[in-house]
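S.K.: Compact mmCIF, C-alpha atoms, file protein20.txt:
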```txt
# COMPACT_ATOMS: atom_id res chain seq x y z
CA MET A 1077 -32.43 -105.08 -56.83
CA VAL A 1078 -34.18 -108.30 -57.84
CA ALA A 1079 -32.61 -110.02 -54.83
CA VAL A 1080 -33.75 -107.19 -52.52
CA ILE A 1081 -37.33 -107.39 -53.80
CA ALA A 1082 -37.36 -111.20 -53.59
CA ALA A 1083 -35.94 -111.07 -50.07
CA GLY A 1084 -38.59 -108.49 -49.16
CA GLU A 1085 -41.41 -110.66 -50.50
CA ILE A 1086 -40.07 -113.73 -48.69
CA GLY A 1087 -39.56 -111.66 -45.53
CA PHE A 1088 -43.15 -110.42 -45.67
CA TRP A 1089 -44.55 -113.97 -45.79
CA VAL A 1090 -42.11 -115.20 -43.12
CA LEU A 1091 -43.11 -112.38 -40.73
CA LEU A 1092 -46.78 -112.93 -41.55
CA GLY A 1093 -46.52 -116.68 -40.90
CA ALA A 1094 -44.49 -116.19 -37.72
CA GLY A 1095 -46.96 -113.60 -36.44
CA LEU A 1096 -49.95 -115.86 -37.06
CA ILE A 1097 -48.23 -118.90 -35.52
CA ALA A 1098 -47.34 -116.85 -32.44
CA ARG A 1099 -50.88 -115.47 -32.23
CA TYR A 1100 -52.82 -118.74 -32.56
CA PRO A 1101 -50.98 -122.06 -32.01
CA LEU A 1102 -48.50 -120.55 -29.51
CA ARG A 1103 -51.19 -118.30 -27.93
CA ARG A 1104 -48.84 -115.30 -27.74
CA PRO A 1105 -51.02 -112.51 -29.17
CA ARG A 1106 -48.65 -109.67 -28.26
CA LEU A 1107 -45.69 -111.37 -29.93
CA GLY A 1108 -47.90 -112.11 -32.93
CA ALA A 1109 -49.00 -108.49 -33.16
CA ALA A 1110 -45.39 -107.28 -32.91
CA LEU A 1111 -44.33 -109.58 -35.74
CA LEU A 1112 -47.27 -108.49 -37.90
CA LEU A 1113 -46.49 -104.84 -37.23
CA GLY A 1114 -42.95 -105.52 -38.49
CA THR A 1115 -44.13 -106.20 -42.04
CA PRO A 1116 -44.01 -102.50 -43.08
CA LEU A 1117 -40.33 -102.43 -42.11
CA ILE A 1118 -39.69 -104.71 -45.08
CA ASP A 1119 -41.20 -102.10 -47.39
CA LEU A 1120 -39.00 -99.47 -45.78
CA ALA A 1121 -35.90 -101.63 -46.37
CA ILE A 1122 -36.77 -102.01 -50.07
CA LEU A 1123 -37.30 -98.25 -50.39
CA VAL A 1124 -33.96 -97.50 -48.71
CA ALA A 1125 -32.11 -100.00 -50.93
CA THR A 1126 -33.66 -98.47 -54.06
CA VAL A 1127 -32.75 -94.92 -53.03
CA ILE A 1128 -29.18 -95.94 -52.16
CA ASP A 1129 -28.78 -97.69 -55.51
CA LEU A 1130 -30.07 -94.70 -57.50
CA ARG A 1131 -28.09 -92.16 -55.44
CA ALA A 1132 -24.94 -94.21 -56.05
CA GLY A 1133 -25.30 -93.49 -59.77
CA ALA A 1134 -27.18 -96.55 -61.01
CA THR A 1135 -29.30 -96.17 -64.11
CA ALA A 1136 -32.86 -97.10 -63.25
CA ASP A 1137 -33.89 -100.43 -64.71
CA PHE A 1138 -36.97 -102.65 -64.61
CA THR A 1139 -36.29 -103.71 -61.01
CA HIS A 1140 -36.25 -100.14 -59.67
CA GLY A 1141 -39.72 -99.62 -61.12
CA LEU A 1142 -40.80 -103.00 -59.80
CA ALA A 1143 -39.67 -101.96 -56.32
CA ALA A 1144 -41.89 -98.84 -56.49
CA ALA A 1145 -44.84 -100.90 -57.74
CA TYR A 1146 -44.30 -103.47 -54.99
CA LEU A 1147 -44.20 -100.74 -52.34
CA GLY A 1148 -47.31 -98.99 -53.66
CA PHE A 1149 -49.41 -102.11 -53.80
CA SER A 1150 -48.03 -103.34 -50.49
CA VAL A 1151 -49.24 -100.11 -48.87
CA ALA A 1152 -52.66 -100.49 -50.50
CA PHE A 1153 -53.21 -104.24 -50.06
CA GLY A 1154 -50.88 -105.23 -47.20
CA HIS A 1155 -53.53 -104.78 -44.50
CA SER A 1156 -56.10 -106.74 -46.54
CA MET A 1157 -53.62 -109.57 -47.12
CA ILE A 1158 -52.86 -109.78 -43.40
CA ARG A 1159 -56.59 -109.76 -42.55
CA TRP A 1160 -57.22 -112.47 -45.20
CA ALA A 1161 -54.51 -114.72 -43.73
CA ASP A 1162 -55.58 -113.95 -40.15
CA GLN A 1163 -59.19 -115.02 -40.83
CA ARG A 1164 -58.04 -118.34 -42.28
CA PHE A 1165 -55.56 -118.98 -39.47
CA ALA A 1166 -58.14 -118.09 -36.78
CA HIS A 1167 -60.66 -120.44 -38.39
CA ARG A 1168 -58.18 -123.30 -38.71
CA PHE A 1169 -56.31 -123.03 -35.41
CA ALA A 1170 -58.51 -121.08 -33.00
CA GLY A 1171 -62.06 -122.14 -33.80
CA GLY A 1172 -62.87 -118.80 -35.40
CA PRO A 1173 -65.73 -118.30 -37.84
CA PRO A 1174 -65.28 -119.31 -41.48
CA PRO A 1175 -63.44 -116.67 -43.52
CA ALA A 1176 -65.58 -114.03 -45.15
CA LYS A 1177 -66.17 -114.42 -48.88
CA PRO A 1178 -66.80 -111.61 -51.34
CA PRO A 1179 -70.41 -111.29 -52.50
CA ALA A 1180 -71.16 -113.46 -55.53
CA GLY A 1181 -73.33 -110.95 -57.39
CA GLY A 1182 -75.74 -108.05 -57.30
CA TRP A 1183 -74.89 -104.55 -56.18
CA ALA A 1184 -72.98 -105.94 -53.21
CA ARG A 1185 -70.48 -107.47 -55.66
CA THR A 1186 -70.32 -104.21 -57.64
CA ARG A 1187 -69.54 -102.24 -54.46
CA TYR A 1188 -66.90 -104.83 -53.57
CA GLU A 1189 -65.23 -104.41 -57.00
CA TRP A 1190 -65.22 -100.61 -56.66
CA ARG A 1191 -63.68 -100.89 -53.18
CA GLU A 1192 -60.93 -103.24 -54.43
CA TRP A 1193 -60.24 -100.95 -57.39
CA GLY A 1194 -60.04 -98.02 -54.97
CA LYS A 1195 -57.29 -99.87 -53.12
CA GLY A 1196 -55.59 -100.47 -56.45
CA LEU A 1197 -55.87 -96.76 -57.22
CA LEU A 1198 -54.20 -95.98 -53.89
CA GLY A 1199 -51.40 -98.44 -54.79
CA TRP A 1200 -51.06 -96.79 -58.21
CA ALA A 1201 -50.85 -93.32 -56.62
CA VAL A 1202 -48.21 -94.38 -54.09
CA ALA A 1203 -46.16 -96.23 -56.72
CA CYS A 1204 -46.36 -93.38 -59.25
CA GLY A 1205 -45.52 -90.89 -56.53
CA LEU A 1206 -42.39 -92.89 -55.64
CA LEU A 1207 -41.47 -93.20 -59.32
CA GLY A 1208 -41.91 -89.45 -59.78
CA LEU A 1209 -39.78 -88.75 -56.72
CA GLY A 1210 -37.11 -91.08 -58.09
CA ILE A 1211 -37.10 -89.19 -61.40
CA LEU A 1212 -36.78 -85.85 -59.58
CA MET A 1213 -34.15 -87.17 -57.17
CA VAL A 1214 -31.88 -88.45 -59.93
CA GLY A 1215 -32.55 -85.43 -62.17
CA ASP A 1216 -31.41 -87.17 -65.35
CA LEU A 1217 -34.12 -88.34 -67.76
CA ASP A 1218 -31.70 -90.67 -69.54
CA ARG A 1219 -31.02 -92.53 -66.29
CA THR A 1220 -34.69 -92.61 -65.24
CA ALA A 1221 -36.44 -93.46 -68.52
CA GLU A 1222 -37.42 -96.87 -67.09
CA LEU A 1223 -39.13 -95.20 -64.13
CA LEU A 1224 -41.21 -93.10 -66.53
CA ALA A 1225 -42.06 -96.29 -68.46
CA TRP A 1226 -43.30 -97.85 -65.22
CA ILE A 1227 -45.68 -94.93 -64.68
CA GLY A 1228 -47.16 -95.72 -68.10
CA ARG A 1229 -47.41 -99.45 -67.34
CA LEU A 1230 -49.10 -98.91 -64.00
CA THR A 1231 -51.50 -96.35 -65.49
CA ALA A 1232 -52.48 -98.77 -68.26
CA ALA A 1233 -53.01 -101.54 -65.69
CA ILE A 1234 -55.23 -99.43 -63.42
CA VAL A 1235 -57.34 -98.25 -66.39
CA ILE A 1236 -57.77 -101.82 -67.67
CA TRP A 1237 -58.75 -102.93 -64.16
CA LEU A 1238 -61.29 -100.08 -63.98
CA ILE A 1239 -62.93 -101.10 -67.25
CA ALA A 1240 -62.77 -104.88 -66.75
CA PHE A 1241 -64.17 -105.05 -63.24
CA PRO A 1242 -65.91 -102.17 -61.41
CA LEU A 1243 -67.13 -100.32 -64.48
CA TRP A 1244 -68.23 -103.55 -66.21
CA MET A 1245 -69.99 -104.74 -63.03
CA THR A 1246 -71.74 -101.37 -62.73
CA LEU A 1247 -73.05 -101.57 -66.30
CA PHE A 1248 -73.70 -105.32 -66.31
CA PRO A 1249 -74.06 -106.51 -62.69
CA LYS A 1250 -74.04 -110.23 -62.00
CA PRO A 1251 -77.36 -111.55 -60.73
CA ALA A 1252 -77.59 -111.46 -56.95
CA ASP A 1253 -77.00 -114.76 -55.22
CA PRO A 1254 -80.02 -115.63 -53.04
CA ASP A 1255 -77.58 -116.90 -50.39
CA ASP A 1256 -76.16 -113.35 -50.06
CA GLY A 1257 -79.48 -112.02 -48.76
CA PRO A 1258 -80.75 -111.85 -45.18
CA LYS A 1259 -81.01 -115.21 -43.44
CA LEU A 1260 -84.26 -116.41 -41.86
CA ALA A 1261 -84.27 -118.33 -38.62
CA PRO A 1262 -84.84 -122.06 -39.25
CA GLY A 1263 -88.52 -122.99 -39.51
CA ARG A 1264 -89.79 -119.42 -39.88
CA ALA A 1265 -91.64 -118.13 -42.89
CA PRO A 1266 -91.14 -114.61 -44.23
CA ALA A 1267 -93.46 -112.04 -42.64
CA GLU A 1268 -96.74 -111.51 -44.49
CA ARG A 1269 -97.51 -108.05 -45.84
```
Starting from the file, lay out its structure as structure tokens.
M.R.:
Amino acid sequence: MVAVIAAGEIGFWVLLGAGLIARYPLRRPRLGAALLLGTPLIDLAILVATVIDLRAGATADFTHGLAAAYLGFSVAFGHSMIRWADQRFAHRFAGGPPPAKPPAGGWARTRYEWREWGKGLLGWAVACGLLGLGILMVGDLDRTAELLAWIGRLTAAIVIWLIAFPLWMTLFPKPADPDDGPKLAPGRAPAER
């Protein structure tokens, strides 16, 4: 299973890179889009390999839980990762605008942290759902104890993330960066009240 997950991770980045190269330097946007749309197929291949392994009588181990976690967080963050890479590629190879940066502080940063945690919560829900389905599918708690342990690990991680970032930023927001505010046209003073 480790090899399947590693191959999936490598495959994701290869398809992502190939899609962006086709889209920008080669100027083949349709081919690029097709390659980028192929990235979820890698997740499907990992899911199928995990199900086949468990149905064949394997006892769930760390890697089966890792596969579920990978799939859950890939569903939640895959689109954001592709958008992140696309912005950088467009800027570097197609004269696009500089990549967007997260707000440095203030309530804009707090909202950003809550939004990112919400994606993490979606990843947690998908991963835990897959782990729960794996436990039910196998129907033997001795063989699926590691899947149950993964639910505990992922739950601890999402709670720690909640406390360390969005909740902390809500209670103790970073000062707003003046550069995050509205921009004035050069040479113009703010309107008088």
S.K.: Give me the residues within 12 Å of A:Ala1083 as a list of chain:residue names, counting only C-alpha atoms and dropping any in the same chain fewer than 4 places off.
M.R.: A:Met1077, A:Val1078, A:Ala1079, A:Gly1087, A:Phe1088, A:Trp1089, A:Val1090, A:Leu1091, A:Ile1118, A:Asp1119, A:Ala1121, A:Ile1122, A:Ala1125, A:Ala1143
S.K.: Please save C-alpha atoms of the selected residues as a short mmCIF file (atom, residue, chain, number, x, y, z; two decimals), in the coordinates of the input.
M.R.:
```
data_model
loop_
_atom_site.label_atom_id
_atom_site.label_comp_id
_atom_site.auth_asym_id
_atom_site.auth_seq_id
_atom_site.Cartn_x
_atom_site.Cartn_y
_atom_site.Cartn_z
CA MET A 1077 -32.43 -105.08 -56.83
CA VAL A 1078 -34.18 -108.30 -57.84
CA ALA A 1079 -32.61 -110.02 -54.83
CA GLY A 1087 -39.56 -111.66 -45.53
CA PHE A 1088 -43.15 -110.42 -45.67
CA TRP A 1089 -44.55 -113.97 -45.79
CA VAL A 1090 -42.11 -115.20 -43.12
CA LEU A 1091 -43.11 -112.38 -40.73
CA ILE A 1118 -39.69 -104.71 -45.08
CA ASP A 1119 -41.20 -102.10 -47.39
CA ALA A 1121 -35.90 -101.63 -46.37
CA ILE A 1122 -36.77 -102.01 -50.07
CA ALA A 1125 -32.11 -100.00 -50.93
CA ALA A 1143 -39.67 -101.96 -56.32
#
```
S.K.: Taking into account all atoms listed in the file, which residue in the set A:Lys1195, A:Lys1177, A:Arg1099, A:Arg1131 is nearest to A:Gly1215?
M.R.: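 Closest to A:Gly1215 of all the choices is A:Arg1131.
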S.K.: Of the residues A:Leu1212, A:Leu1120, A:Ala1145, A:Ala1110, which is the one nearest to A:Leu1198, using all atoms listed in the file?
M.R.: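 Counting all atoms listed in the file, the residue closest to A:Leu1198 is A:Ala1145.
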S.K.: Looking at only C-alpha atoms, which of A:Arg1229, A:Trp1183, A:Leu1206, A:Ala1221 is the one that sits closest to A:Leu1247?
M.R.: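 Closest to A:Leu1247, using only C-alpha atoms: A:Trp1183.
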S.K.: For atom CA of A:Pro1116 and atom CA of A:Val1080, determine how far apart the two atoms are, in Å to one decimal place.
M.R.: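 Interatomic distance, atom CA of A:Pro1116 to atom CA of A:Val1080: 14.7 Å.
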S.K.: Fix up stretch 1192-1224 of chain A with N, CA and C atoms, then write it as a tab-separated table (two decimals), keeping the file's coordinate frame.
M.R.:
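Listing of rebuild-v6.tsv after writing:
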```tsv
chain	number	residue	atom	x	y	z
A	1192	GLU	N	-62.22	-102.64	-54.10
A	1192	GLU	CA	-60.93	-103.24	-54.43
A	1192	GLU	C	-60.17	-102.37	-55.44
A	1193	TRP	N	-60.89	-101.83	-56.42
A	1193	TRP	CA	-60.24	-100.95	-57.39
A	1193	TRP	C	-59.74	-99.68	-56.71
A	1194	GLY	N	-60.50	-99.19	-55.73
A	1194	GLY	CA	-60.04	-98.02	-54.97
A	1194	GLY	C	-58.72	-98.29	-54.26
A	1195	LYS	N	-58.58	-99.50	-53.72
A	1195	LYS	CA	-57.29	-99.87	-53.12
A	1195	LYS	C	-56.21	-99.90	-54.17
A	1196	GLY	N	-56.55	-100.45	-55.34
A	1196	GLY	CA	-55.59	-100.47	-56.45
A	1196	GLY	C	-55.20	-99.06	-56.87
A	1197	LEU	N	-56.15	-98.15	-56.87
A	1197	LEU	CA	-55.87	-96.76	-57.22
A	1197	LEU	C	-54.93	-96.13	-56.20
A	1198	LEU	N	-55.12	-96.45	-54.93
A	1198	LEU	CA	-54.20	-95.98	-53.89
A	1198	LEU	C	-52.79	-96.53	-54.15
A	1199	GLY	N	-52.70	-97.84	-54.47
A	1199	GLY	CA	-51.40	-98.44	-54.79
A	1199	GLY	C	-50.76	-97.77	-55.98
A	1200	TRP	N	-51.56	-97.48	-57.01
A	1200	TRP	CA	-51.06	-96.79	-58.21
A	1200	TRP	C	-50.52	-95.42	-57.82
A	1201	ALA	N	-51.27	-94.67	-57.00
A	1201	ALA	CA	-50.85	-93.32	-56.62
A	1201	ALA	C	-49.54	-93.35	-55.82
A	1202	VAL	N	-49.43	-94.28	-54.88
A	1202	VAL	CA	-48.21	-94.38	-54.09
A	1202	VAL	C	-47.03	-94.76	-54.99
A	1203	ALA	N	-47.24	-95.78	-55.84
A	1203	ALA	CA	-46.16	-96.23	-56.72
A	1203	ALA	C	-45.73	-95.12	-57.68
A	1204	CYS	N	-46.70	-94.46	-58.31
A	1204	CYS	CA	-46.36	-93.38	-59.25
A	1204	CYS	C	-45.72	-92.21	-58.54
A	1205	GLY	N	-46.16	-91.93	-57.32
A	1205	GLY	CA	-45.52	-90.89	-56.53
A	1205	GLY	C	-44.06	-91.22	-56.25
A	1206	LEU	N	-43.78	-92.47	-55.88
A	1206	LEU	CA	-42.39	-92.89	-55.64
A	1206	LEU	C	-41.57	-92.83	-56.92
A	1207	LEU	N	-42.17	-93.26	-58.03
A	1207	LEU	CA	-41.47	-93.20	-59.32
A	1207	LEU	C	-41.16	-91.75	-59.69
A	1208	GLY	N	-42.13	-90.87	-59.50
A	1208	GLY	CA	-41.91	-89.45	-59.78
A	1208	GLY	C	-40.83	-88.85	-58.90
A	1209	LEU	N	-40.83	-89.22	-57.62
A	1209	LEU	CA	-39.78	-88.75	-56.72
A	1209	LEU	C	-38.41	-89.27	-57.15
A	1210	GLY	N	-38.37	-90.51	-57.60
A	1210	GLY	CA	-37.11	-91.08	-58.09
A	1210	GLY	C	-36.59	-90.31	-59.30
A	1211	ILE	N	-37.49	-89.96	-60.21
A	1211	ILE	CA	-37.10	-89.19	-61.40
A	1211	ILE	C	-36.55	-87.83	-60.98
A	1212	LEU	N	-37.24	-87.17	-60.06
A	1212	LEU	CA	-36.78	-85.85	-59.58
A	1212	LEU	C	-35.47	-85.96	-58.80
A	1213	MET	N	-35.34	-87.00	-57.99
A	1213	MET	CA	-34.15	-87.17	-57.17
A	1213	MET	C	-32.90	-87.37	-58.03
A	1214	VAL	N	-33.03	-88.19	-59.06
A	1214	VAL	CA	-31.88	-88.45	-59.93
A	1214	VAL	C	-31.63	-87.25	-60.83
A	1215	GLY	N	-32.69	-86.64	-61.36
A	1215	GLY	CA	-32.55	-85.43	-62.17
A	1215	GLY	C	-31.93	-85.65	-63.53
A	1216	ASP	N	-31.99	-86.86	-64.04
A	1216	ASP	CA	-31.41	-87.17	-65.35
A	1216	ASP	C	-32.39	-88.10	-66.07
A	1217	LEU	N	-33.10	-87.55	-67.08
A	1217	LEU	CA	-34.12	-88.34	-67.76
A	1217	LEU	C	-33.56	-89.55	-68.48
A	1218	ASP	N	-32.30	-89.50	-68.89
A	1218	ASP	CA	-31.70	-90.67	-69.54
A	1218	ASP	C	-31.56	-91.83	-68.54
A	1219	ARG	N	-31.20	-91.50	-67.31
A	1219	ARG	CA	-31.02	-92.53	-66.29
A	1219	ARG	C	-32.34	-93.00	-65.67
A	1220	THR	N	-33.41	-92.25	-65.87
A	1220	THR	CA	-34.69	-92.61	-65.24
A	1220	THR	C	-35.79	-92.93	-66.25
A	1221	ALA	N	-35.43	-93.16	-67.49
A	1221	ALA	CA	-36.44	-93.46	-68.52
A	1221	ALA	C	-37.28	-94.68	-68.13
A	1222	GLU	N	-36.68	-95.66	-67.49
A	1222	GLU	CA	-37.42	-96.87	-67.09
A	1222	GLU	C	-38.45	-96.55	-66.01
A	1223	LEU	N	-38.15	-95.59	-65.15
A	1223	LEU	CA	-39.13	-95.20	-64.13
A	1223	LEU	C	-40.35	-94.55	-64.78
A	1224	LEU	N	-40.11	-93.72	-65.79
A	1224	LEU	CA	-41.21	-93.10	-66.53
A	1224	LEU	C	-42.03	-94.18	-67.25
```
